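To be precise, the following lines are start_26.csv, and they hold CSV, C-alpha atoms.
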```csv
chain,number,residue,atom,x,y,z
A,1,MET,CA,97.8,76.7,136.3
A,2,ASN,CA,94.2,77.7,135.6
A,3,ASP,CA,92.4,77.9,132.3
A,4,MET,CA,92.5,81.7,132.3
A,5,GLN,CA,96.3,81.7,132.6
A,6,THR,CA,96.6,79.1,129.9
A,7,ASP,CA,94.4,81.2,127.6
A,8,GLN,CA,96.5,84.3,128.3
A,9,GLU,CA,99.7,82.5,127.6
A,10,GLU,CA,98.4,81.0,124.4
A,11,PHE,CA,97.2,84.4,123.3
A,12,LEU,CA,100.6,86.0,124.2
A,13,ARG,CA,102.3,83.4,122.1
A,14,LEU,CA,100.1,84.1,119.1
A,15,ILE,CA,100.7,87.9,119.5
A,16,GLU,CA,104.5,87.2,119.8
A,17,GLU,CA,104.4,85.2,116.6
A,18,ASN,CA,102.4,87.8,114.7
A,19,LYS,CA,103.7,91.0,116.1
A,20,ARG,CA,105.5,92.0,112.9
A,21,ILE,CA,102.1,91.8,111.0
A,22,ILE,CA,100.5,94.1,113.7
A,23,PHE,CA,103.5,96.4,113.4
A,24,LYS,CA,103.3,96.6,109.6
A,25,ILE,CA,99.5,97.3,109.7
A,26,CYS,CA,100.0,100.0,112.3
A,27,ASN,CA,102.7,101.6,110.1
A,28,SER,CA,100.4,101.6,107.1
A,29,TYR,CA,97.5,103.4,108.9
A,30,CYS,CA,99.3,105.8,111.2
A,31,TYR,CA,101.2,109.0,110.6
A,32,ASN,CA,103.0,109.3,114.0
A,33,LYS,CA,104.5,107.2,116.7
A,34,ASN,CA,101.8,108.0,119.3
A,35,ASP,CA,99.0,106.9,117.0
A,36,HIS,CA,101.1,103.9,116.1
A,37,ASP,CA,101.3,102.8,119.7
A,38,ASP,CA,97.7,103.5,120.4
A,39,LEU,CA,96.6,101.5,117.4
A,40,ALA,CA,98.9,98.6,118.4
A,41,GLN,CA,97.2,98.6,121.8
A,42,GLU,CA,93.8,98.7,120.2
A,43,ILE,CA,94.5,95.8,117.9
A,44,VAL,CA,95.9,93.7,120.7
A,45,CYS,CA,92.9,94.6,122.8
A,46,GLN,CA,90.4,93.7,120.0
A,47,LEU,CA,92.2,90.4,119.3
A,48,TRP,CA,92.0,89.6,123.0
A,49,LYS,CA,88.3,90.5,123.2
A,50,SER,CA,87.5,88.4,120.1
A,51,CYS,CA,89.4,85.3,121.3
A,52,GLY,CA,86.1,83.6,122.2
A,53,LYS,CA,84.7,84.2,118.8
A,54,PHE,CA,87.6,82.4,116.9
A,55,ASP,CA,86.0,80.0,114.5
A,56,THR,CA,88.3,77.0,113.8
A,57,GLU,CA,86.7,76.8,110.4
A,58,TYR,CA,88.8,79.8,109.4
A,59,LYS,CA,92.6,80.0,109.4
A,60,PHE,CA,94.0,81.9,112.4
A,61,SER,CA,95.7,84.4,110.0
A,62,THR,CA,92.3,85.2,108.3
A,63,TRP,CA,90.7,85.8,111.7
A,64,MET,CA,93.7,88.0,112.9
A,65,TYR,CA,93.9,90.0,109.7
A,66,ARG,CA,90.2,90.7,109.7
A,67,ILE,CA,90.3,92.0,113.3
A,68,ALA,CA,93.6,93.9,112.9
A,69,LEU,CA,92.6,95.6,109.6
A,70,ASN,CA,89.1,96.4,110.7
A,71,THR,CA,90.5,98.0,113.9
A,72,ALA,CA,93.2,99.8,111.9
A,73,ILE,CA,90.7,101.2,109.3
A,74,SER,CA,88.2,102.4,112.1
A,75,PHE,CA,91.1,103.9,114.0
A,76,TYR,CA,92.5,105.6,110.8
A,77,ARG,CA,89.0,107.1,110.0
A,78,LYS,CA,88.7,108.4,113.5
A,79,GLU,CA,92.2,109.8,113.9
A,80,LYS,CA,92.9,110.8,110.3
A,81,LYS,CA,94.5,114.2,110.2
A,82,SER,CA,96.4,115.8,107.4
A,83,ALA,CA,99.1,114.1,105.4
A,84,PRO,CA,102.2,112.8,107.3
A,85,THR,CA,104.3,115.6,108.5
A,86,VAL,CA,107.2,113.6,109.8
A,87,PRO,CA,110.1,112.6,107.5
A,88,LEU,CA,109.4,109.3,105.9
A,89,THR,CA,112.4,107.6,107.4
A,90,GLU,CA,111.1,108.5,110.8
A,91,HIS,CA,107.6,107.6,109.8
A,92,LEU,CA,108.8,104.1,108.9
A,93,LEU,CA,108.9,104.0,112.6
A,94,HIS,CA,111.9,103.1,114.2
A,95,VAL,CA,113.3,100.7,111.5
A,96,GLU,CA,116.9,101.4,112.1
A,97,ASP,CA,119.4,101.2,109.4
A,98,ASN,CA,121.5,98.3,110.7
A,99,ASP,CA,123.6,97.6,107.7
A,100,GLY,CA,124.5,101.2,106.7
A,101,GLY,CA,125.4,100.3,103.1
A,102,THR,CA,121.9,99.7,101.7
A,103,GLY,CA,120.8,103.2,101.0
A,104,ILE,CA,119.0,102.3,97.8
A,105,LEU,CA,117.1,99.5,99.4
A,106,GLU,CA,116.2,101.8,102.3
A,107,ALA,CA,114.9,104.4,99.8
A,108,LYS,CA,112.9,101.7,98.0
A,109,ILE,CA,111.3,100.6,101.3
A,110,ASN,CA,110.4,104.2,102.0
A,111,SER,CA,108.9,104.7,98.5
A,112,LEU,CA,106.9,101.5,98.8
A,113,HIS,CA,105.6,102.6,102.1
A,114,GLN,CA,104.8,106.0,100.9
A,115,PHE,CA,102.9,104.7,97.8
A,116,ILE,CA,100.9,102.3,100.0
A,117,ASN,CA,100.0,105.0,102.4
A,118,GLU,CA,98.7,107.1,99.6
A,119,LEU,CA,96.1,104.4,98.7
A,120,LYS,CA,92.5,104.5,99.9
A,121,ALA,CA,91.9,102.6,103.2
A,122,LEU,CA,90.5,99.4,101.6
A,123,ASP,CA,93.0,99.3,98.7
A,124,ARG,CA,95.7,99.7,101.3
A,125,ALA,CA,94.4,96.6,103.2
A,126,LEU,CA,94.3,94.7,99.9
A,127,MET,CA,97.9,95.6,99.0
A,128,ILE,CA,99.2,94.7,102.5
A,129,LEU,CA,97.6,91.3,102.2
A,130,TYR,CA,99.0,90.9,98.7
A,131,LEU,CA,102.5,91.8,99.9
A,132,GLU,CA,102.1,89.4,102.8
A,133,GLU,CA,101.7,86.7,100.2
A,134,LYS,CA,98.2,85.8,101.0
A,135,ASN,CA,96.4,83.9,98.2
A,136,TYR,CA,93.5,85.5,96.4
A,137,SER,CA,91.0,83.3,98.0
A,138,GLU,CA,92.1,84.3,101.5
A,139,ILE,CA,92.3,88.0,100.6
A,140,ALA,CA,88.7,87.7,99.2
A,141,GLU,CA,87.6,86.1,102.5
A,142,ILE,CA,89.3,88.8,104.6
A,143,LEU,CA,87.9,91.7,102.6
A,144,GLY,CA,84.5,90.4,101.7
A,145,ILE,CA,84.8,90.7,97.9
A,146,THR,CA,85.1,88.1,95.1
A,147,GLU,CA,88.4,86.6,94.1
A,148,THR,CA,88.0,88.0,90.6
A,149,ASN,CA,87.6,91.5,92.1
A,150,VAL,CA,90.7,90.9,94.2
A,151,ALA,CA,92.7,89.8,91.1
A,152,THR,CA,91.6,92.8,89.0
A,153,LYS,CA,92.2,95.3,91.8
A,154,ILE,CA,95.6,94.0,92.6
A,155,SER,CA,96.7,94.1,89.0
A,156,ARG,CA,95.5,97.7,88.7
A,157,ILE,CA,97.2,98.9,91.9
A,158,LYS,CA,100.4,97.0,91.1
A,159,GLU,CA,100.5,98.8,87.7
A,160,LYS,CA,99.9,102.1,89.4
A,161,LEU,CA,102.7,101.5,91.9
A,162,LYS,CA,105.0,100.3,89.2
A,163,GLN,CA,104.5,103.5,87.3
A,164,LYS,CA,105.3,105.5,90.5
A,165,PHE,CA,108.5,103.5,91.1
A,166,LEU,CA,109.6,104.3,87.5
A,167,THR,CA,109.4,108.0,88.1
A,168,ILE,CA,112.0,107.7,90.9
A,169,ASN,CA,115.7,107.6,90.3
A,170,TYR,CA,117.6,105.6,93.0
B,1,MET,CA,107.6,95.0,95.4
B,2,LYS,CA,107.3,91.7,97.3
B,3,ASN,CA,111.0,91.6,97.7
B,4,ILE,CA,111.1,95.1,99.1
B,5,TRP,CA,108.3,94.2,101.5
B,6,LYS,CA,110.3,91.1,102.6
B,7,GLU,CA,113.3,93.2,103.2
B,8,TYR,CA,111.2,95.6,105.3
B,9,ASP,CA,110.0,92.6,107.2
B,10,ARG,CA,113.5,91.4,107.8
B,11,ARG,CA,114.5,94.8,109.1
B,12,ILE,CA,111.7,94.8,111.5
B,13,GLU,CA,112.7,91.4,112.7
B,14,GLU,CA,116.4,92.4,113.1
B,15,SER,CA,115.8,95.7,114.8
B,16,LYS,CA,114.9,95.8,118.4
B,17,ILE,CA,111.9,98.0,117.8
B,18,LEU,CA,109.3,95.4,118.6
B,19,ASN,CA,110.2,95.9,122.2
B,20,MET,CA,107.8,98.8,122.0
B,21,GLN,CA,105.1,96.2,122.1
B,22,SER,CA,106.5,94.5,125.1
B,23,TRP,CA,103.8,96.1,127.2
B,24,ALA,CA,101.4,94.0,125.2
B,25,LEU,CA,103.1,90.9,126.5
B,26,ASN,CA,102.4,91.9,130.0
B,27,ILE,CA,99.4,90.0,131.3
B,28,LYS,CA,98.4,92.8,133.6
B,29,THR,CA,98.0,95.1,130.6
B,30,TYR,CA,94.8,93.2,129.7
B,31,GLU,CA,93.1,94.0,132.9
B,32,TYR,CA,93.8,97.6,132.2
B,33,LEU,CA,92.7,97.4,128.6
B,34,GLN,CA,89.5,95.6,129.4
B,35,THR,CA,88.3,98.3,131.7
B,36,GLN,CA,89.7,101.3,129.9
B,37,LYS,CA,89.2,100.4,126.3
B,38,ALA,CA,85.6,99.4,127.0
B,39,LYS,CA,84.9,103.1,127.4
B,40,SER,CA,86.1,104.0,124.0
B,41,GLY,CA,84.9,103.9,120.4
B,42,LEU,CA,81.6,102.3,119.7
B,43,ASN,CA,80.9,101.6,123.3
B,44,ALA,CA,81.0,105.4,124.0
B,45,LEU,CA,78.6,105.8,121.1
B,46,SER,CA,76.3,103.2,122.6
B,47,GLY,CA,76.5,104.9,126.0
B,48,PHE,CA,75.5,108.2,124.4
B,49,LYS,CA,72.5,106.6,122.7
B,50,LYS,CA,71.5,105.0,126.0
B,51,TRP,CA,71.4,108.4,127.6
B,52,MET,CA,69.4,109.8,124.8
B,53,ILE,CA,66.9,106.9,125.2
B,54,PHE,CA,66.7,107.6,128.9
B,55,ALA,CA,66.2,111.3,128.4
B,56,GLY,CA,63.6,110.6,125.7
B,57,ILE,CA,61.7,108.2,128.0
B,58,LEU,CA,61.6,110.8,130.7
B,59,PHE,CA,60.4,113.5,128.3
B,60,ILE,CA,57.7,111.2,126.9
B,61,ALA,CA,56.6,110.2,130.4
B,62,PHE,CA,56.3,113.9,131.3
B,63,LEU,CA,54.3,114.7,128.2
B,64,VAL,CA,52.0,111.7,128.7
B,65,LEU,CA,51.4,112.8,132.3
B,66,LEU,CA,50.4,116.3,131.0
B,67,ILE,CA,48.1,114.7,128.5
B,68,ILE,CA,46.4,112.6,131.1
B,69,LYS,CA,46.0,115.6,133.4
B,70,SER,CA,44.4,117.6,130.6
B,71,LEU,CA,42.0,115.1,129.2
B,72,LYS,CA,39.1,117.5,128.5
B,73,PHE,CA,37.5,118.4,125.1
B,74,GLN,CA,38.4,122.1,125.5
B,75,ASN,CA,42.1,121.0,125.6
B,76,ILE,CA,41.9,119.3,122.3
B,77,TYR,CA,44.7,121.4,120.7
B,78,PHE,CA,47.0,120.9,123.7
B,79,ILE,CA,46.4,117.2,123.8
B,80,GLY,CA,46.7,116.8,120.0
B,81,SER,CA,50.0,118.7,119.9
B,82,LEU,CA,51.5,116.9,122.8
B,83,SER,CA,50.4,113.5,121.4
B,84,SER,CA,52.1,114.3,118.1
B,85,ILE,CA,55.3,115.3,119.8
B,86,VAL,CA,55.1,112.0,121.8
B,87,ILE,CA,54.8,110.0,118.6
B,88,PHE,CA,57.9,111.6,117.0
B,89,ASN,CA,59.9,111.0,120.2
B,90,ILE,CA,58.8,107.4,120.4
B,91,LEU,CA,60.0,107.0,116.8
B,92,ALA,CA,63.3,108.5,117.7
B,93,ILE,CA,63.7,106.2,120.6
B,94,ILE,CA,62.9,103.2,118.4
B,95,PHE,CA,65.7,104.3,116.0
B,96,TYR,CA,68.1,104.8,118.9
B,97,LEU,CA,67.3,101.3,120.2
B,98,ARG,CA,67.9,99.9,116.7
B,99,HIS,CA,71.3,101.7,116.7
B,100,ILE,CA,72.3,100.0,120.0
B,101,VAL,CA,71.4,96.6,118.6
B,102,LEU,CA,73.5,97.4,115.5
B,103,ILE,CA,76.4,98.6,117.6
B,104,HIS,CA,76.3,95.3,119.5
B,105,GLU,CA,76.1,93.4,116.2
B,106,ILE,CA,79.4,94.8,114.9
B,107,ASP,CA,81.9,92.0,115.0
B,108,ASN,CA,85.4,92.7,113.9
B,109,THR,CA,85.9,89.1,112.9
B,110,GLU,CA,83.6,89.6,109.9
B,111,SER,CA,85.0,90.8,106.6
B,112,LEU,CA,86.3,94.3,106.2
B,113,VAL,CA,83.6,95.4,103.8
B,114,GLU,CA,80.8,94.1,106.1
B,115,VAL,CA,82.1,95.7,109.3
B,116,GLN,CA,83.1,99.0,107.8
B,117,GLU,CA,79.7,99.3,106.0
B,118,LYS,CA,77.8,98.7,109.3
B,119,ILE,CA,79.9,101.3,111.1
B,120,VAL,CA,79.5,103.9,108.5
B,121,LYS,CA,75.7,103.3,108.1
B,122,LEU,CA,75.4,103.6,111.9
B,123,GLN,CA,77.2,107.0,111.8
B,124,THR,CA,75.1,108.4,108.9
B,125,SER,CA,71.8,107.2,110.5
B,126,THR,CA,72.1,110.1,112.9
B,127,LEU,CA,70.7,112.1,110.0
B,128,ARG,CA,67.5,110.0,110.0
B,129,ILE,CA,66.8,110.6,113.6
B,130,THR,CA,67.5,114.3,113.3
B,131,LYS,CA,65.1,114.7,110.4
B,132,ILE,CA,62.3,112.8,112.2
B,133,LEU,CA,62.7,115.0,115.2
B,134,PHE,CA,62.4,118.1,113.0
B,135,LEU,CA,58.9,117.0,112.1
B,136,GLN,CA,57.6,117.7,115.6
B,137,THR,CA,58.6,121.5,115.3
B,138,PRO,CA,55.2,122.8,114.2
B,139,PHE,CA,53.4,121.2,117.1
B,140,TYR,CA,55.4,123.4,119.5
B,141,SER,CA,53.5,126.3,118.0
B,142,THR,CA,50.0,124.8,118.4
B,143,PHE,CA,49.8,123.4,121.9
B,144,PHE,CA,48.5,126.8,123.3
B,145,TRP,CA,45.7,127.1,120.7
B,146,SER,CA,42.2,127.1,122.1
B,147,ARG,CA,38.6,127.8,121.1
B,148,ALA,CA,38.7,130.9,123.2
B,149,MET,CA,41.8,132.1,121.3
B,150,ILE,CA,40.2,131.5,117.9
B,151,THR,CA,36.8,133.1,118.7
B,152,GLY,CA,38.2,135.8,121.1
B,153,ASN,CA,40.9,137.2,118.8
B,154,PRO,CA,40.5,135.7,115.3
B,155,THR,CA,42.7,138.3,113.6
B,156,ALA,CA,45.7,137.5,115.8
B,157,PHE,CA,45.0,133.8,115.4
B,158,PHE,CA,44.6,133.7,111.6
B,159,PHE,CA,47.3,136.3,110.8
B,160,ILE,CA,49.9,135.4,113.3
B,161,ALA,CA,49.5,132.0,115.0
B,162,VAL,CA,48.4,130.1,111.9
B,163,PRO,CA,51.0,131.5,109.5
B,164,VAL,CA,53.7,130.8,112.1
B,165,THR,CA,52.6,127.2,112.4
B,166,LEU,CA,52.4,126.9,108.6
B,167,PHE,CA,55.9,128.3,108.3
B,168,PHE,CA,57.2,125.7,110.8
B,169,ALA,CA,55.3,123.0,109.1
B,170,ALA,CA,56.7,123.9,105.7
B,171,LEU,CA,60.2,124.3,107.1
B,172,SER,CA,60.1,120.9,108.9
B,173,ILE,CA,58.8,119.1,105.8
B,174,TRP,CA,61.4,120.7,103.7
B,175,LEU,CA,64.2,119.8,106.2
B,176,TYR,CA,62.8,116.2,106.4
B,177,ARG,CA,63.0,115.9,102.6
B,178,ASN,CA,66.4,117.6,102.2
B,179,ILE,CA,68.5,116.3,105.2
B,180,ASN,CA,70.3,113.6,103.3
B,181,TYR,CA,73.8,112.6,102.2
B,182,HIS,CA,73.5,114.4,98.9
B,183,ASN,CA,73.1,117.8,100.6
B,184,ALA,CA,75.7,117.2,103.2
B,185,GLY,CA,78.1,119.6,101.5
B,186,LYS,CA,75.6,122.5,101.2
B,187,ARG,CA,75.9,125.7,103.2
B,188,TRP,CA,72.6,125.5,105.0
B,189,PHE,CA,73.4,121.9,106.0
B,190,ARG,CA,76.7,123.0,107.5
B,191,ILE,CA,75.0,125.8,109.4
B,192,LEU,CA,72.3,123.5,110.7
B,193,PHE,CA,74.8,121.0,112.1
B,194,SER,CA,77.7,121.7,114.4
B,195,SER,CA,81.0,121.6,112.5
B,196,LYS,CA,82.2,118.5,114.3
B,197,GLU,CA,79.1,116.5,113.6
B,198,TRP,CA,79.1,117.7,110.0
B,199,THR,CA,82.7,116.7,109.5
B,200,SER,CA,82.2,113.2,110.9
B,201,ILE,CA,79.0,112.7,108.8
B,202,ILE,CA,80.7,114.0,105.6
B,203,LYS,CA,83.6,111.6,106.3
B,204,ALA,CA,81.2,108.7,106.8
B,205,VAL,CA,79.3,109.5,103.6
B,206,ASN,CA,82.5,109.7,101.6
B,207,PHE,CA,83.7,106.4,103.1
B,208,LEU,CA,80.4,104.8,102.3
B,209,LYS,CA,80.9,105.8,98.7
B,210,GLU,CA,84.5,104.4,98.8
B,211,ILE,CA,83.1,101.1,100.1
B,212,GLU,CA,80.5,100.9,97.3
B,213,GLU,CA,83.2,101.6,94.8
B,214,PHE,CA,85.5,98.9,96.3
B,215,LYS,CA,82.7,96.3,96.3
B,216,LYS,CA,82.0,97.0,92.6
B,217,GLU,CA,83.4,94.3,90.3
B,218,ALA,CA,86.2,95.9,88.3
B,219,VAL,CA,85.7,95.5,84.6
```
Rewrite the structure from the file as structure tokens, please.
Amino acid sequence: MNDMQTDQEEFLRLIEENKRIIFKICNSYCYNKNDHDDLAQEIVCQLWKSCGKFDTEYKFSTWMYRIALNTAISFYRKEKKSAPTVPLTEHLLHVEDNDGGTGILEAKINSLHQFINELKALDRALMILYLEEKNYSEIAEILGITETNVATKISRIKEKLKQKFLTINY
Amino acid sequence: MKNIWKEYDRRIEESKILNMQSWALNIKTYEYLQTQKAKSGLNALSGFKKWMIFAGILFIAFLVLLIIKSLKFQNIYFIGSLSSIVIFNILAIIFYLRHIVLIHEIDNTESLVEVQEKIVKLQTSTLRITKILFLQTPFYSTFFWSRAMITGNPTAFFFIAVPVTLFFAALSIWLYRNINYHNAGKRWFRILFSSKEWTSIIKAVNFLKEIEEFKKEAV
């Protein structure tokens, strides 16, 4: 087995491990399935092209989030059309209701998704990282702002989202 | 909210939807991606700028050839006008070269704020080149001037040719001073630029403001 094949296999393993993150980022920056698929391709492509630039000084997740979110924001700015026109459940892209009896939870997932999608591109990235349970220092490193700024912004956005949740009766 | 997000994550894991990315797990896809995707995005922008540089160099070479061929004192207006046009086009080429360097410096592994700021500044810099190129306009109305024209028909020269040049000079200076982000929403600006270009510039300007806002320390 040559080095190229080993690199590809290692890369595929990392993509396999992190595909849910890629999926969630795509869902947060795309309004329809075609764009979603295109963005997923673009992210994987950018990750592949940047493999050689991976600096072991950083955590793999920091490197991956930077590339995935940068690609998603650039894609979103290029493709951004009007507000989503598909029903939210469909927009949540293909997440099937497997258990049938969790309508409220389903609605809450949809609401959270909707609220996040209403945020500005960079605030959206910030919130995704927060919900992915990244610590403030890593979020600051990915975004390129200070930890204090991260903390203040998260607290403000959380408060805003909380207020939005309160307006909905489940 | 974190619990809802975890539930969302669990559902993604449970459902079979991630098969949609199965193509990504096919090694052959990368060969396709590397050839096809290279043509998209910033690479396409870089390609366009390279063509502009190529066309610019050809145009400058043509003008320089004309200047060399007309090196006589009686052609002073012609040589002066063409030389000025050459200077503005050289400046534009320098800016295009700088853009290509910037495009190649964009590295998605850097922080979001750094990368997005570079991309947006690159997009809005189109305005700078445009306004520099507008400055050459008056020289297109002076290259045919000559001593014979001034002495032979001074009325036509001072009442038609000179005012036309002055008008273009004033217009180009006004455009140079006014083509900027702040005026991007004004009607004359939208008329001047094609709608597609205008839309992308406005979007870029707005996003630049968004980035500045995001960088600001919240109080």
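Any residue of chain B with an atom within 6 Å of chain A counts; using all atoms listed in the file, that gives Lys2, Ile4, Leu25, Asn108, Thr109, Ser111, Leu112, Val113, Glu217 and Ala218 of chain B.
CA of Asp107 (chain B) is positioned 25.6 Å from CA of Asn117 (chain A).
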Which residues are close to Ile87 (chain B), i.e. within 12 Å by only C-alpha atoms, leaving aside same-chain residues fewer than 4 positions away? Reply as a list in words.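 Near Ile87 (chain B), the qualifying residues are Gly56, Ile57, Phe59, Ile60, Ala61, Leu63, Val64, Gly80, Ser81, Leu82, Ser83, Leu91, Ala92, Ile93, Ile94, Ile132, Leu133, Leu135, Gln136 and Phe139 of chain B.
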Point-to-point distance from CA of Phe157 (chain B) to CA of Ile76 (chain B), Å rounded to tenths: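 We find that CA of Phe157 (chain B) and CA of Ile76 (chain B) lie 16.4 Å from each other.
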What does the distance between CA of Lys160 (chain A) and CA of Glu138 (chain A) come to in Å, to one decimal place? 22.9 Å
Polymer residues at most 12 Å from Arg147 (chain B), all atoms listed in the file, same-chain spacing of 6 or more positions, as a list in words: Phe73, Gln74, Asn75, Ile76, Tyr77, Phe78, Asn153, Pro154 and Phe157 of chain B
From the options A:Asn27, A:Phe115, A:Asp7, A:Lys164, which residue's atoms come nearest to Ile12 (chain B), counting all atoms listed in the file?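 The closest residue to Ile12 (chain B) is A:Asn27.
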Tell me, as an NGL selection string, which residues lie within 12 Å of region 46-55 of chain B, counting only C-alpha atoms; anything in the same chain fewer than 2 positions away does not count. :B and (38-44 or 57-62 or 89-106 or 122-123 or 126 or 129)
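Among the candidate residues B:Gly185, B:Pro163, B:Lys215, B:Ile173, the one lying nearest to Thr199 (chain B) is B:Gly185, with distances computed using all atoms listed in the file.
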